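Chemist: After the structure tokens below, expect a handful of questions from me.
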Amino acid sequence: KNQVEQSPQSLIILEGKNCTLQCNYTVSPFSNLRWYKQDTGRGPVSLTIMTFSENTKSNGRYTATLDADTKQSSLHITASQLSDSASYICVVSRGNTDKLIFGTGTRLQVFP
Amino acid sequence: DAGVIQSPRHEVTEMGQEVTLRCKPISGHNSLFWYRQTMMRGLELLIYFNNNVPIDDSGMPEDRFSAKMPNASFSTLKIQPSEPRDSAVYFCASSVYEQFFGPGTRLTVL
């Protein structure tokens with residue numbers, strides 16, 4: 001079954017600290033993996049997109065990694081800010097279709 | 001560009017009523033997607049169009065749901081009759097490669 005699982009479900013950290021979110025997937029055939037940030041009351045916004053051949057990609061303080069062999073990805077947030085408080089969703093694209101398979105997200109709260 | 005535009009932003013209706021959600025994709029995007037998001041199930045794809053043609057509607061829950069895309073700049077998602085379990089946030093997204101999401105419509109069916 002094509003699934004995307006994320007951990008932890010929720011995470012609380014203090015401002016300035018780093019954190020890492022995890023994503024495991026069983027989607028096949030794999031096309032690409034995306035991390036989205038979703039602020040409360042808004043639509044998801046893409047942070048990174050990685051294809052099979054890419055194993056790391058950065059977007060400012062966000063760094064995503066991909067291990068296509070173990071079917072795992074992580075999103076590392078450096079020097080967290082209050083504005084990082086959001087849900088982070090791991091999304092995998094299957095085959096050569098436009099269809100995306102979504103994880104249920106990690107809810108991150110950053111406190112001062 | 002204003003991004004993906006959805007209307008209304010909030011809709012409260014009574015069970016049995018017809019609900020129509022509207023979406024204007026980003027100009028030039030050739031794919032359009034309708035999603036539903038709930039706390040229990042997260043984001044689920046309902047249907048997507050490519051060049052105004054429905055490609056995959058396997059996520060549409062049942063016959064009460066229908067979607068149309070009469071032209072490249074407009075799409076509707078209709079629920080008739082609505083039920084309380086349809087309460088959710090409905091997102092529209094459009095893409096050429098990367099999907100851009102609209103702000104969503106929060107639907108509450110009483």
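Scheme for the structure tokens: letters A, B, ... for chains in order shown; per-chain residue numbers from 1; ligand numbers from 1 in order shown.
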Report as number ranges by chain the set of chain B residues whose atoms approach chain A to within 6 Å, with distances computed over only C-alpha atoms.
Modeler: B: 42, 101-103
Chemist: Residues within 7 Å of Glu18 (chain B), please, as a PyMOL selection string. Count only C-alpha atoms; anything in the same chain fewer than 5 positions from it doesn't count.
Modeler: chain B and resi 79-82
Chemist: I want to know what sits within 6 Å of Lys24 (chain B), based on only C-alpha atoms, with residues of the same chain fewer than 3 positions away left out; could you give that as a PyMOL selection string?
Modeler: chain B and resi 4-5+73-74
Chemist: Okay, now the selection with N, CA, C and O atoms, as a PDB file, in the first residue's frame?
Modeler:
```pdb
ATOM      1  N   VAL B   4      -3.696  31.108  -6.109  1.00  0.00           N
ATOM      2  CA  VAL B   4      -4.950  30.385  -6.274  1.00  0.00           C
ATOM      3  C   VAL B   4      -6.011  31.068  -5.419  1.00  0.00           C
ATOM      4  O   VAL B   4      -5.783  31.341  -4.241  1.00  0.00           O
ATOM      5  N   ILE B   5      -7.157  31.336  -6.032  1.00  0.00           N
ATOM      6  CA  ILE B   5      -8.234  32.034  -5.327  1.00  0.00           C
ATOM      7  C   ILE B   5      -9.383  31.069  -5.089  1.00  0.00           C
ATOM      8  O   ILE B   5      -9.842  30.387  -6.020  1.00  0.00           O
ATOM      9  N   SER B  73      -9.701  28.720 -16.271  1.00  0.00           N
ATOM     10  CA  SER B  73      -9.586  29.684 -15.185  1.00  0.00           C
ATOM     11  C   SER B  73     -10.654  29.504 -14.107  1.00  0.00           C
ATOM     12  O   SER B  73     -10.810  30.360 -13.235  1.00  0.00           O
ATOM     13  N   PHE B  74     -11.369  28.377 -14.124  1.00  0.00           N
ATOM     14  CA  PHE B  74     -12.443  28.235 -13.142  1.00  0.00           C
ATOM     15  C   PHE B  74     -12.800  26.767 -12.924  1.00  0.00           C
ATOM     16  O   PHE B  74     -12.885  25.993 -13.871  1.00  0.00           O
TER      17      PHE B  74
END
```
Chemist: As a PDB file with N, CA, C and O atoms, in the first residue's frame, please: the residues near Tyr97 (chain B) (cut-off 9 Å, only C-alpha atoms, same-chain neighbours under 2 positions excluded).
Modeler:
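Listing of around24.pdb after writing:
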```pdb
ATOM      1  N   ASP A  98       0.619  13.250 -11.613  1.00  0.00           N
ATOM      2  CA  ASP A  98       0.577  14.440 -10.771  1.00  0.00           C
ATOM      3  C   ASP A  98       0.055  14.136  -9.377  1.00  0.00           C
ATOM      4  O   ASP A  98      -0.031  15.026  -8.537  1.00  0.00           O
TER       5      ASP A  98
ATOM      6  N   HIS B  29      -1.294  27.713 -15.351  1.00  0.00           N
ATOM      7  CA  HIS B  29      -1.187  26.367 -14.791  1.00  0.00           C
ATOM      8  C   HIS B  29      -2.154  25.440 -15.513  1.00  0.00           C
ATOM      9  O   HIS B  29      -3.303  25.800 -15.749  1.00  0.00           O
ATOM     10  N   SER B  31      -2.780  22.107 -14.520  1.00  0.00           N
ATOM     11  CA  SER B  31      -3.377  21.072 -13.670  1.00  0.00           C
ATOM     12  C   SER B  31      -4.060  21.730 -12.480  1.00  0.00           C
ATOM     13  O   SER B  31      -3.553  22.709 -11.928  1.00  0.00           O
ATOM     14  N   SER B  95      -1.034  23.695 -10.726  1.00  0.00           N
ATOM     15  CA  SER B  95       0.388  23.442 -10.962  1.00  0.00           C
ATOM     16  C   SER B  95       0.713  23.404 -12.436  1.00  0.00           C
ATOM     17  O   SER B  95      -0.139  23.153 -13.298  1.00  0.00           O
ATOM     18  N   GLN B  99       2.910  22.232  -7.015  1.00  0.00           N
ATOM     19  CA  GLN B  99       1.528  22.591  -6.705  1.00  0.00           C
ATOM     20  C   GLN B  99       1.484  23.791  -5.772  1.00  0.00           C
ATOM     21  O   GLN B  99       2.184  23.823  -4.754  1.00  0.00           O
TER      22      GLN B  99
END
```
Chemist: From the set B:Val53, B:Ala2, B:Val12, B:Val96, which residue has the shortest atom-to-atom contact distance to Pro84 (chain B), counting only C-alpha atoms?
Modeler: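 Residue with the minimum atom-to-atom distance to Pro84 (chain B): B:Val12.
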